[in-house]
Each structure stands twice: as structure tokens, then as C-alpha cells.
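Asks: Sharing a structure, written as C-alpha cells. Questions coming.
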Amino acid sequence: MREDMAKYRRMSRVRPQSFRDLETPPHWAAYDDGLELLGRQEAGQALPRLEEALQESLAQMESCRAGCEGPEEQQREEEEEEGAGSQGGLYETIAGHWIRVLQCRQRCVGDTATRPGRSFPVPDFLPSQLRRLHEAHAQVGNLSQAMENVLSVLLFYPEDEAAKKALNQYQAQLGEPRPGLGPREDIRRFILRSLGEKRHLYYAMEHLGASFKDPDPWTPAAVIPEALREKLREDQEKRPWDHEPPQPKPLTHWKDVLLLEGVTLTQDARQLNGSERVVLDGLLTPAECGVLLQLAKVRRPGSRWDRRAGAGAGPPFHRPLLSRPSFPGLQLAQAGSVGSQGAKLLLEVSERVRTLTQAYFSPERPLHLSFTHLVCRSAIEGEQDQRMDLSHPVHADNCVLDPDTGDCWREPPAYTYRDYSGLLYLNDDFHGGDLFFTEPNALTVTAQVRPRCGRLVAFSSGGENPHGVWAVTRGRRCALALWHTWAPEHREQEWTEAKELLKEPGEEEEEEEEEEMPSRDPSPEPPSRRLPRVQDKAGKPPRVREEL
Ligand SMILES: O=C(O)CCC(=O)C(=O)O
Ligand SMILES: [Fe+2]
């Protein structure tokens with residue numbers, strides 16, 4: 001549904017006012033309007049919508065809290081009592097009931113701050129609304145309201161430097177002190193009540209073994225029992241939004257690899273409007289593409305070899321379609337002699353991509369292949385004109401992208417250990433199917449790449465590189481997708497198994513020699529020596545193809 005909506009929004013002649021949204025809760029509708037108006041520097045018009053968003057958020061929280069003592073809670077208690085055979089006494093039962101009610105009420109913060117259809121709340125939802133309110137009020141000269149709102153921010157974060165500075169500024173502008181001016185009453189009540197609940201829950205956590213995941217980063221340390229503080233601080237540090245996004249790295253060691261391999265750099269990050277993105281050409285000869293395309297034809301329904309690309313082909317994360325991730329070359333290698341030739345090429349090619357990706361993005365730190373995927377997308381039948389749907393929805397490869405906030409959550413179900421993605425294209429005889437990068441809003445396209453044989457698009461797998469694939473409108477588009485990881489424990493076991501299986505007699509000694517240098521060497525030998533390539537007519541005969 002969300003993908004369909006995004007598709008309609010991208011269509012020409014469709015305007016935002018063409019939509020009447022009957023689904024979005026009022027606090028989100030008001031919040032988004034307010035933000036949009038603020039973005040257009042229209043603080044005066046934004047203010048009523050921002051105020052409405054805050055009021056509606058508080059109202060939504062109330063209604064959620066009211067549900068915490070409703071029939072669901074009673075039913076759960078009854079079930080638990082049945083299961084436990086009503087062992088506790090009256091006091092235990094009462095305490096158990098209230099702990100559950102309080103836990104549920106505290107969860108309402110996260111529920112209210114989570115957009116419909118999303119899995120994660122917007123962090124610090126109420127304080128960030130108050131910050132926007134005080135700034136907007138100050139912009140239009142409502143200084144007393146700016147003061148009320150900034151004082152409310154300070155109730156959450158008494159040491160917030162920016163808020164303190166703004167407060168001083170508003171006070172100076174107002175002139176004489178206004179004794180009646182204080183934080184907003186609705187926020188004061190909200191915080192007092194929430195802190196009361198947190199105290200009970202932390203007590204229950206410390207003394208009664210109850211569990212409690214505090215949804216708020218603003219809880220004062222004094223409310224948290226000393227014995228629990230250290231552990232909670234560690235948990236907080238693990239929150240993904242505290243991590244800095246990766247910084248672009250200078251390119252080192254690159255030229256050598258390029259020159260030796262005969263690979264050309266077609267577009268760098270700057271040309272692709274990003275920080276860690278690259279398009280390289282010449283990784284495969286046409287003959288090699290032919291062999292790999294042949295392999296892709298030997299597809300088995302339901303395997304990860306092939307995915308039909310109709311509208312919205314599958315989830316953004318490649319849940320391995322087999323019971324566990326498996327290097328496609330391993331099945332080929334197991335399939336006997338014909339398969340083993342294809343498997344060899346897959347091994348060589350994937351190592352070639354890994355070597356180049358490491359040399360380009362991570363020369364100081366070895367990258368391992370964590371998952372390899374040979375995938376073809378075919379046009380769906382029927383009308384192709386005006387198609388605006390996607391063959392692969394916009395996503396990031398190692399985090400869950402929230403286009404509404406631009407956050408990308410490095411948490412399951414994302415494959416969080418993926419660090420660099422590589423897409424090696426095998427053909428261009430199809431229509432549509434270009435890869436594109438977007439802003440974190442998943443709508444604004446920042447770069448687009450046309451697939452062709454031997455073209456590698458490599459990029460860091462995080463939220464800085466949201467990407468998708470336009471619908472394939474004619475023909476079949478095939479690519480080898482490879483994900484790289486810095487974490488050796490996530491290296492693709494099947495890759496090594498396939499390599500073992502394919503060892504030819506006599507290769508043993510050579511291999512042993514190589515083993516002495518770690519096979520995933522940070523400064524690998526030039527791929528041209530280690531990884532023989534299939535040549536075209538002009539060069540040596542296409543070895544692998546002939547053998548097939
Ligand atoms: O096939 C492509 O060009 C992109 C596929 C992709 O983004 C993915 O598999 O994660
Ligand atoms: Fe992807």
C-alpha cells in the first residue's frame with residue numbers, strides 16, 4: 001500500500017492536494033504539514049499545525065493509556081493466572097497488575113511516536129516538537145509563547161545548552177521579567193505523571209524482577225536506581241541513532257588496481273551525488289556475461305537465483321529464500337562437471353568484485369563476502385506505458401529506512417553486518433530497470449545508473465545510499481548482487497566450501513602457499529594474475545563457455 005502511494009506520488013500531474021488521506025492519525029497529519037510549512041519558511045502558517053500536532057500527540061497518548069486497563073489487559077492477566085495456577089497472593093496479584101498497566105502506559109510514548117506502517121518511533125518526539133514550536137514562535141515575534149515552549153524543553157532537558165541560550169535571548173528581547181511565565185501546563189503534567197510511573201517501574205525492576213524498557217532518553221539519572229544505571233547506559237549507547245554516519249574516505253591504493261585490471265572508473269561519488277558510491281566498467285568480458293547469463297537461466301523456482309520482477313518484487317531485505325544463505329556457486333559445484341565450470345566463474349568473479357570493492361572503499365581493512373545472489377528480473381505482461389512502479393522498492397541494504405524522517409535503523413530485520421554492496425550487471429538488452437539512488441526521503445532521485453555487461457555499481461550499504469530499481473518493461477535484466485562485510489564471522493561459508501569443492505588435483509600446493517598469506521589479504525595481489533578472465537574472440541578463446 002505504501003509502495004503504491006509512493007508510486008502515485010511520483011506520477012506526473014499528481015499533486016499533493018490530489019490525495020485525501022483517511023488513514024494517517026491527526027497528530028501525524030498536522031506534524032507533517034507543520035514541517036512542510038516550516039521548510040518553506042512559513043513559520044506563521046506552520047504554528048497552528050505544529051500546535052495541533054502537539055495537542056493531538058498528547059490526546060493520542062491519553063487514548064492509548066486508557067486502553068492499558070481495558071479488556072485486553074484483563075484477558076492477559078486471566079491467561080497468566082491460569083497458566084501460573086494463581087500462585088501469588090493478593091498483593092502479588094495487585095502488584096503484577098499495576099506493573100503491567102504502567103509498562104503499557106509507558107509504551108504509549110513509542111506507539112504515538114511511530115508512524116503508521118513503520119517499526120520504529122521518532123526519537124524524542126515531544127521535545128523535538130517543542131523545539132520547533134519555540135523557534136517558530138520566536139521567528140514570528142511571539143516571545144512569550146517562545147518562552148513557554150523553550151521552558152518546556154528545559155523540563156525534559158534542564159541542561160540543554162541550546163535551549164538555555166534561546167531562553168536567555170528571549171528574556172533579553174522581552175525586556176522586563178514576566179513573573180507568570182512558565183513551562184506549558186500540559187507538558188508539566190505529562191512529565192510529572194510519567195516520572196511517577198517510571199519510579200514505580202524502576203523499583204519493580206530492581207526489587208521484583210520486572211522488566212522495563214524506558215522509552216525516553218530524558219529520564220533523569222536520579223530516577224534510575226544506582227544498581228541499574230550502568231547497564232542502562234550501555235543499552236542506550238547501542239541505540240543506532242547515536243552513531244555518526246560513515247564519513248567519505250579518501251581514495252588510496254586505487255589506481256594500481258584499476259590499471260592492472262583494465263577496469264575503468266566511470267563515475268565516482270561526486271558524479272553520483274553521494275559519499276561512498278562508484279560505477280566501474282569492464283569487470284567482465286561479454287563472454288563472461290554470456291556464461292553467467294546461461295547460469296541464470298538454469299533457475300529453479302523458489303530459489304534465490306531468480307526473482308520475477310513484477311510490481312514491488314519482494315521485501316527490501318533479501319531473506320534468503322533457501323533455508324540459509326548459500327553461495328549460488330556451491331549448488332553448481334555440487335551439481336557436477338557442467339555446473340562446476342559455472343561455479344568456478346562465479347567464484348572468480350565474486351572474488352574480483354570483492355577485491356575491487358575492498359581496494360576502493362576499504363584498503364586498510366579486509367572485506368569478506370557475506371552473501372552472493374544471482375538475480376534476474378523480467379517484465380510483467382501487459383501495458384507498459386506510463387509505468388511508475390518499481391522492480392525493487394527504495395531501501396538501504398543494512399538498515400531499515402524511514403523515508404518520513406530520513407532515519408535508517410541499523411537493526412533487524414535489516415542485515416546490519418553488511419558494509420558494502422556491489423551490483424555487477426550482466427546485460428543491457430531490456431527496457432527500464434535502471435538502478436537509482438535517492439535522498440533519504442526515498443523520493444528525490446539523486447543519481448541513476450544504466451546496467452550493462454561488466455558494470456559494477458558499488459556503494460556503502462547504509463542509510464546514505466537509499467536505492468531502488470525502476471520497473472523492467474521489456475526483457476530480462478540479470479545481475480550478480482554481492483554484499484561485503486568487515487565482520488569475519490559473517491563471511492559466506494558456502495563460498496569457501498565451493499572453493500574447496502572446486503579445487504583441481506594439483507592445485508593443493510599452490511593453494512597452501514596462498515593460505516600463508518591470508519586469502520582475504522588487505523593488499524591483495526592484482527586480480528589480473530589471480531583471477532584469470534574469459535577472453536573474447538580477439539583474445540584467448542572463451543574458456544569457460546567452451547567447456548560448458
Ligand atoms: O539489482 C539492482 O540493481 C539492485 C538490487 C538491490 O538493491 C538489492 O538487491 O539490494
Ligand atoms: Fe539493495
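All residue names refer to the C-alpha cells as shown: chains lettered A, B, ... in order, residues numbered from 1 in each chain, ligands numbered from 1 in order.
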May I have a table of the residues of chain A lying at most 6 Å from ligand 1, giving each one's closest pair of atoms and their distance in Å to one decimal, counting only C-alpha atoms and all ligand atoms, ordered by chain and ascending residue number, as a Markdown table?

Replies:
| residue | atom | partner | partner_atom_place_in_ligand_line | distance |
| --- | --- | --- | --- | --- |
| A:Asp397 | CA | ligand 1 | 10 (O) | 5.8 |
| A:Leu435 | CA | ligand 1 | 3 (O) | 4.8 |
| A:Gly468 | CA | ligand 1 | 7 (O) | 5.7 |
| A:Val469 | CA | ligand 1 | 3 (O) | 5.7 |

Asks: For the residues in that selection, give me C-alpha atoms as a CSV table (one decimal), in the first residue's frame.

Replies:
chain,number,residue,atom,x,y,z
A,397,ASP,CA,20.9,-2.6,2.4
A,435,LEU,CA,19.2,1.5,-10.7
A,468,GLY,CA,15.8,1.1,-5.9
A,469,VAL,CA,15.2,-0.3,-9.4

Asks: Which chain A residues have any atom within 9 Å of an atom of ligand 2, and for each, what is the nearest pair of atoms with distance in Å to one decimal, counting only C-alpha atoms and all ligand atoms, rows sorted by chain and number, as JSON lines?

Replies:
{"residue": "A:Pro316", "atom": "CA", "partner": "ligand 2", "partner_atom_place_in_ligand_line": "1 (Fe)", "distance": 7.1}
{"residue": "A:Phe317", "atom": "CA", "partner": "ligand 2", "partner_atom_place_in_ligand_line": "1 (Fe)", "distance": 7.8}
{"residue": "A:His318", "atom": "CA", "partner": "ligand 2", "partner_atom_place_in_ligand_line": "1 (Fe)", "distance": 8.7}
{"residue": "A:His392", "atom": "CA", "partner": "ligand 2", "partner_atom_place_in_ligand_line": "1 (Fe)", "distance": 8.2}
{"residue": "A:Pro393", "atom": "CA", "partner": "ligand 2", "partner_atom_place_in_ligand_line": "1 (Fe)", "distance": 8.9}
{"residue": "A:Val394", "atom": "CA", "partner": "ligand 2", "partner_atom_place_in_ligand_line": "1 (Fe)", "distance": 8.0}
{"residue": "A:His395", "atom": "CA", "partner": "ligand 2", "partner_atom_place_in_ligand_line": "1 (Fe)", "distance": 6.3}
{"residue": "A:Ala396", "atom": "CA", "partner": "ligand 2", "partner_atom_place_in_ligand_line": "1 (Fe)", "distance": 5.9}
{"residue": "A:Asp397", "atom": "CA", "partner": "ligand 2", "partner_atom_place_in_ligand_line": "1 (Fe)", "distance": 4.9}
{"residue": "A:Asn398", "atom": "CA", "partner": "ligand 2", "partner_atom_place_in_ligand_line": "1 (Fe)", "distance": 8.7}
{"residue": "A:Ser421", "atom": "CA", "partner": "ligand 2", "partner_atom_place_in_ligand_line": "1 (Fe)", "distance": 7.2}
{"residue": "A:Gly422", "atom": "CA", "partner": "ligand 2", "partner_atom_place_in_ligand_line": "1 (Fe)", "distance": 8.8}
{"residue": "A:Leu423", "atom": "CA", "partner": "ligand 2", "partner_atom_place_in_ligand_line": "1 (Fe)", "distance": 8.5}
{"residue": "A:Ser461", "atom": "CA", "partner": "ligand 2", "partner_atom_place_in_ligand_line": "1 (Fe)", "distance": 7.7}
{"residue": "A:Asn465", "atom": "CA", "partner": "ligand 2", "partner_atom_place_in_ligand_line": "1 (Fe)", "distance": 8.9}
{"residue": "A:Pro466", "atom": "CA", "partner": "ligand 2", "partner_atom_place_in_ligand_line": "1 (Fe)", "distance": 7.8}
{"residue": "A:His467", "atom": "CA", "partner": "ligand 2", "partner_atom_place_in_ligand_line": "1 (Fe)", "distance": 6.3}
{"residue": "A:Gly468", "atom": "CA", "partner": "ligand 2", "partner_atom_place_in_ligand_line": "1 (Fe)", "distance": 6.8}
{"residue": "A:Val469", "atom": "CA", "partner": "ligand 2", "partner_atom_place_in_ligand_line": "1 (Fe)", "distance": 8.9}
{"residue": "A:Ala481", "atom": "CA", "partner": "ligand 2", "partner_atom_place_in_ligand_line": "1 (Fe)", "distance": 8.4}

Asks: Taking only C-alpha atoms into account, which of A:Phe156, A:His134, A:Asp4, A:Ala163 comes nearest Leu192 of chain A?

Replies: A:Phe156

Asks: If you count only C-alpha atoms, which residues fall within 9 Å of Leu35 of chain A, apart from same-chain ones fewer than 5 positions away, as an mmCIF file with N, CA and C atoms, in the first residue's frame?

Replies:
data_model
loop_
_atom_site.group_PDB
_atom_site.id
_atom_site.type_symbol
_atom_site.label_atom_id
_atom_site.label_comp_id
_atom_site.auth_asym_id
_atom_site.auth_seq_id
_atom_site.Cartn_x
_atom_site.Cartn_y
_atom_site.Cartn_z
ATOM 1 N N ALA A 30 -0.941 16.696 11.089
ATOM 2 C CA ALA A 30 -0.624 18.075 11.477
ATOM 3 C C ALA A 30 0.897 18.268 11.541
ATOM 4 N N ARG A 40 9.251 25.599 4.146
ATOM 5 C CA ARG A 40 9.052 26.668 3.161
ATOM 6 C C ARG A 40 9.156 28.046 3.807
ATOM 7 N N ALA A 46 2.826 27.656 9.828
ATOM 8 C CA ALA A 46 3.197 26.359 10.406
ATOM 9 C C ALA A 46 2.716 26.255 11.856
ATOM 10 N N ARG A 49 -0.491 24.416 12.910
ATOM 11 C CA ARG A 49 -0.395 22.971 12.638
ATOM 12 C C ARG A 49 0.557 22.288 13.627
ATOM 13 N N LEU A 50 1.631 22.985 13.986
ATOM 14 C CA LEU A 50 2.575 22.393 14.942
ATOM 15 C C LEU A 50 1.939 22.281 16.329
ATOM 16 N N ARG A 132 10.673 22.872 17.845
ATOM 17 C CA ARG A 132 10.196 23.525 16.617
ATOM 18 C C ARG A 132 9.225 24.646 16.967
#

Asks: Just checking: using only C-alpha atoms, which residue out of A:Tyr415, A:Gly44, A:Pro217, A:Pro451 ends up closest to His490 of chain A?

Replies: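 Using only C-alpha atoms, His490 of chain A sits closest to A:Tyr415.
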
Asks: Give me the residues within 9 Å of segment 427-433 of chain A as a PDB file with C-alpha atoms, in the first residue's frame, counting only C-alpha atoms and dropping any in the same chain fewer than 3 places off.

Replies:
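Just written: out23.pdb:
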ATOM      1  CA  PRO A 286      30.992 -10.176 -22.915  1.00  0.00           C
ATOM      2  CA  CYS A 289      28.478 -12.192 -19.118  1.00  0.00           C
ATOM      3  CA  GLY A 290      27.193 -14.836 -21.556  1.00  0.00           C
ATOM      4  CA  LEU A 293      23.514 -15.355 -18.065  1.00  0.00           C
ATOM      5  CA  ARG A 377      14.039  -9.581 -13.149  1.00  0.00           C
ATOM      6  CA  SER A 378      11.608  -9.979 -16.045  1.00  0.00           C
ATOM      7  CA  ALA A 379       8.984  -7.626 -17.385  1.00  0.00           C
ATOM      8  CA  LEU A 390       9.463  -0.207  -9.124  1.00  0.00           C
ATOM      9  CA  SER A 391      11.041  -3.553  -9.716  1.00  0.00           C
ATOM     10  CA  ARG A 450      22.018   2.070 -16.595  1.00  0.00           C
ATOM     11  CA  PRO A 451      23.039  -1.574 -16.210  1.00  0.00           C
ATOM     12  CA  ARG A 452      25.303  -3.156 -18.812  1.00  0.00           C
ATOM     13  CA  CYS A 453      27.552  -6.178 -19.057  1.00  0.00           C
ATOM     14  CA  GLY A 454      30.544  -5.906 -16.731  1.00  0.00           C
ATOM     15  CA  VAL A 469      15.227  -0.311  -9.397  1.00  0.00           C
ATOM     16  CA  TRP A 470      12.751   1.019 -11.945  1.00  0.00           C
ATOM     17  CA  ALA A 471      10.318  -1.478 -13.431  1.00  0.00           C
ATOM     18  CA  VAL A 472      11.689  -3.715 -16.163  1.00  0.00           C
ATOM     19  CA  THR A 473       9.258  -3.074 -19.012  1.00  0.00           C
ATOM     20  CA  ARG A 474      10.678  -5.409 -21.610  1.00  0.00           C
ATOM     21  CA  GLY A 475      13.045  -8.353 -21.498  1.00  0.00           C
ATOM     22  CA  ARG A 476      15.049  -9.773 -18.628  1.00  0.00           C
ATOM     23  CA  ARG A 477      17.624  -7.983 -16.503  1.00  0.00           C
ATOM     24  CA  CYS A 478      20.235 -10.055 -14.692  1.00  0.00           C
ATOM     25  CA  ALA A 479      22.783  -9.082 -12.088  1.00  0.00           C
TER      26      ALA A 479
END

Asks: Quick one: everything within 12 Å of Glu62 of chain A, counting only C-alpha atoms, minus sequence neighbours fewer than 3 positions away in the same chain. Send it as number ranges by chain.

Replies: A: 55-59, 65-68, 104-109, 111-112, 186, 190, 193-194

Asks: Write out the residues from the selection above, keeping N, CA and C atoms, as a CSV table (one decimal), in the first residue's frame.

Replies:
chain,number,residue,atom,x,y,z
A,55,GLN,N,-0.8,18.9,20.5
A,55,GLN,CA,-2.1,18.6,21.3
A,55,GLN,C,-2.6,17.2,20.9
A,56,GLU,N,-2.6,17.0,19.6
A,56,GLU,CA,-3.1,15.7,19.2
A,56,GLU,C,-2.2,14.5,19.6
A,57,SER,N,-0.9,14.8,19.7
A,57,SER,CA,0.0,13.7,20.2
A,57,SER,C,-0.3,13.4,21.6
A,58,LEU,N,-0.6,14.5,22.4
A,58,LEU,CA,-0.9,14.2,23.8
A,58,LEU,C,-2.2,13.5,23.9
A,59,ALA,N,-3.2,13.9,23.1
A,59,ALA,CA,-4.5,13.3,23.1
A,59,ALA,C,-4.4,11.8,22.7
A,65,ARG,N,-3.2,5.2,26.6
A,65,ARG,CA,-3.1,4.9,28.0
A,65,ARG,C,-4.4,4.3,28.6
A,66,ALA,N,-5.5,4.9,28.1
A,66,ALA,CA,-6.8,4.4,28.6
A,66,ALA,C,-7.0,2.9,28.2
A,67,GLY,N,-6.4,2.5,27.1
A,67,GLY,CA,-6.5,1.1,26.7
A,67,GLY,C,-5.7,0.2,27.5
A,68,CYS,N,-4.8,0.7,28.4
A,68,CYS,CA,-3.9,-0.2,29.2
A,68,CYS,C,-4.7,-0.9,30.3
A,104,CYS,N,2.6,-0.8,30.1
A,104,CYS,CA,1.7,-0.5,28.9
A,104,CYS,C,1.6,1.0,28.7
A,105,ARG,N,1.4,1.8,29.8
A,105,ARG,CA,1.2,3.2,29.6
A,105,ARG,C,2.5,3.9,29.1
A,106,GLN,N,3.7,3.3,29.6
A,106,GLN,CA,4.9,3.9,29.1
A,106,GLN,C,5.2,3.6,27.6
A,107,ARG,N,4.7,2.5,27.2
A,107,ARG,CA,4.9,2.1,25.8
A,107,ARG,C,4.1,3.1,24.9
A,108,CYS,N,3.1,3.8,25.4
A,108,CYS,CA,2.3,4.7,24.6
A,108,CYS,C,3.1,5.8,24.0
A,109,VAL,N,4.2,6.2,24.7
A,109,VAL,CA,5.1,7.2,24.1
A,109,VAL,C,5.6,6.7,22.7
A,111,ASP,N,4.4,4.2,20.9
A,111,ASP,CA,3.3,4.0,19.9
A,111,ASP,C,2.9,5.3,19.2
A,112,THR,N,2.8,6.4,20.0
A,112,THR,CA,2.4,7.6,19.5
A,112,THR,C,3.4,8.2,18.5
A,186,ASP,N,0.4,21.6,30.1
A,186,ASP,CA,0.1,20.2,29.6
A,186,ASP,C,1.4,19.4,29.7
A,190,PHE,N,2.4,16.1,32.0
A,190,PHE,CA,2.8,14.9,31.3
A,190,PHE,C,4.1,14.4,32.0
A,193,ARG,N,3.6,13.0,35.7
A,193,ARG,CA,3.0,11.7,35.7
A,193,ARG,C,3.9,10.6,35.2
A,194,SER,N,4.6,11.0,34.1
A,194,SER,CA,5.5,9.9,33.6
A,194,SER,C,6.6,9.6,34.5

Asks: Write out as an mmCIF file with N, CA and C atoms, in the first residue's frame each polymer residue whose atoms come within 12 Å of Tyr203 of chain A, counting only C-alpha atoms; drop sequence neighbours fewer than 4 positions from it.

Replies:
data_model
loop_
_atom_site.group_PDB
_atom_site.id
_atom_site.type_symbol
_atom_site.label_atom_id
_atom_site.label_comp_id
_atom_site.auth_asym_id
_atom_site.auth_seq_id
_atom_site.Cartn_x
_atom_site.Cartn_y
_atom_site.Cartn_z
ATOM 1 N N ALA A 95 0.204 -6.090 42.541
ATOM 2 C CA ALA A 95 1.463 -5.509 42.028
ATOM 3 C C ALA A 95 1.660 -5.902 40.578
ATOM 4 N N ILE A 99 2.024 -3.281 37.530
ATOM 5 C CA ILE A 99 3.267 -3.218 36.738
ATOM 6 C C ILE A 99 2.913 -3.308 35.253
ATOM 7 N N GLY A 196 6.499 9.734 37.764
ATOM 8 C CA GLY A 196 5.917 8.920 38.842
ATOM 9 C C GLY A 196 5.872 7.451 38.408
ATOM 10 N N GLU A 197 5.444 7.234 37.176
ATOM 11 C CA GLU A 197 5.337 5.850 36.686
ATOM 12 C C GLU A 197 6.718 5.204 36.553
ATOM 13 N N LYS A 198 7.646 5.993 36.058
ATOM 14 C CA LYS A 198 8.995 5.435 35.881
ATOM 15 C C LYS A 198 9.577 5.012 37.233
ATOM 16 N N ARG A 199 9.361 5.836 38.262
ATOM 17 C CA ARG A 199 9.895 5.495 39.597
ATOM 18 C C ARG A 199 9.373 4.127 40.032
ATOM 19 N N HIS A 207 13.544 -4.580 42.438
ATOM 20 C CA HIS A 207 13.191 -5.437 43.585
ATOM 21 C C HIS A 207 12.254 -6.588 43.239
ATOM 22 N N LEU A 208 11.515 -6.479 42.161
ATOM 23 C CA LEU A 208 10.532 -7.529 41.886
ATOM 24 C C LEU A 208 10.849 -8.288 40.604
ATOM 25 N N GLY A 209 11.976 -7.958 40.005
ATOM 26 C CA GLY A 209 12.388 -8.680 38.788
ATOM 27 C C GLY A 209 11.541 -8.323 37.573
ATOM 28 N N ALA A 210 10.825 -7.195 37.627
ATOM 29 C CA ALA A 210 10.002 -6.820 36.463
ATOM 30 C C ALA A 210 10.920 -6.292 35.358
ATOM 31 N N SER A 211 10.423 -6.327 34.129
ATOM 32 C CA SER A 211 11.230 -5.753 33.046
ATOM 33 C C SER A 211 10.644 -4.396 32.667
ATOM 34 N N PHE A 212 11.520 -3.492 32.266
ATOM 35 C CA PHE A 212 11.045 -2.171 31.849
ATOM 36 C C PHE A 212 12.054 -1.581 30.882
ATOM 37 N N VAL A 223 16.195 9.261 38.920
ATOM 38 C CA VAL A 223 15.013 8.385 38.961
ATOM 39 C C VAL A 223 15.422 6.913 38.810
ATOM 40 N N ILE A 224 16.604 6.701 38.261
ATOM 41 C CA ILE A 224 17.031 5.326 37.977
ATOM 42 C C ILE A 224 17.871 4.818 39.150
ATOM 43 N N PRO A 225 17.499 3.677 39.737
ATOM 44 C CA PRO A 225 18.279 3.159 40.865
ATOM 45 C C PRO A 225 19.740 2.956 40.455
ATOM 46 N N GLU A 226 20.607 3.275 41.394
ATOM 47 C CA GLU A 226 22.037 3.241 41.105
ATOM 48 C C GLU A 226 22.474 1.905 40.489
ATOM 49 N N ALA A 227 21.930 0.820 41.055
ATOM 50 C CA ALA A 227 22.348 -0.516 40.625
ATOM 51 C C ALA A 227 22.041 -0.754 39.139
ATOM 52 N N LEU A 228 21.080 -0.028 38.595
ATOM 53 C CA LEU A 228 20.678 -0.303 37.205
ATOM 54 C C LEU A 228 21.322 0.651 36.203
#

Asks: Could you pull out all residues of segment 90-303 of chain A with a DSSP call of helix (DSSP H, G or I) and give them as number ranges by chain?

Replies: A: 90-112, 125-139, 143-156, 161-174, 185-207, 221-223, 226-237, 240-242, 254-261, 286-297

Asks: What gap, in Å, lies between atom CA of Tyr170 of chain A and atom CA of Glu52 of chain A?

Replies: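 Spanning atom CA of Tyr170 of chain A to atom CA of Glu52 of chain A is a straight-line distance of 23.2 Å.
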
Asks: Provide the atom CA of Trp486 of chain A to atom CA of Glu364 of chain A distance in Å, to one decimal place.

Replies: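 Rounded to one decimal, the two atoms are 10.9 Å apart.
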
Asks: Using atom CA of Lys213 of chain A and atom CA of Tyr157 of chain A as the two end points, give the distance in Å to one decimal.

Replies: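 Calculated distance between atom CA of Lys213 of chain A and atom CA of Tyr157 of chain A is 19.5 Å.
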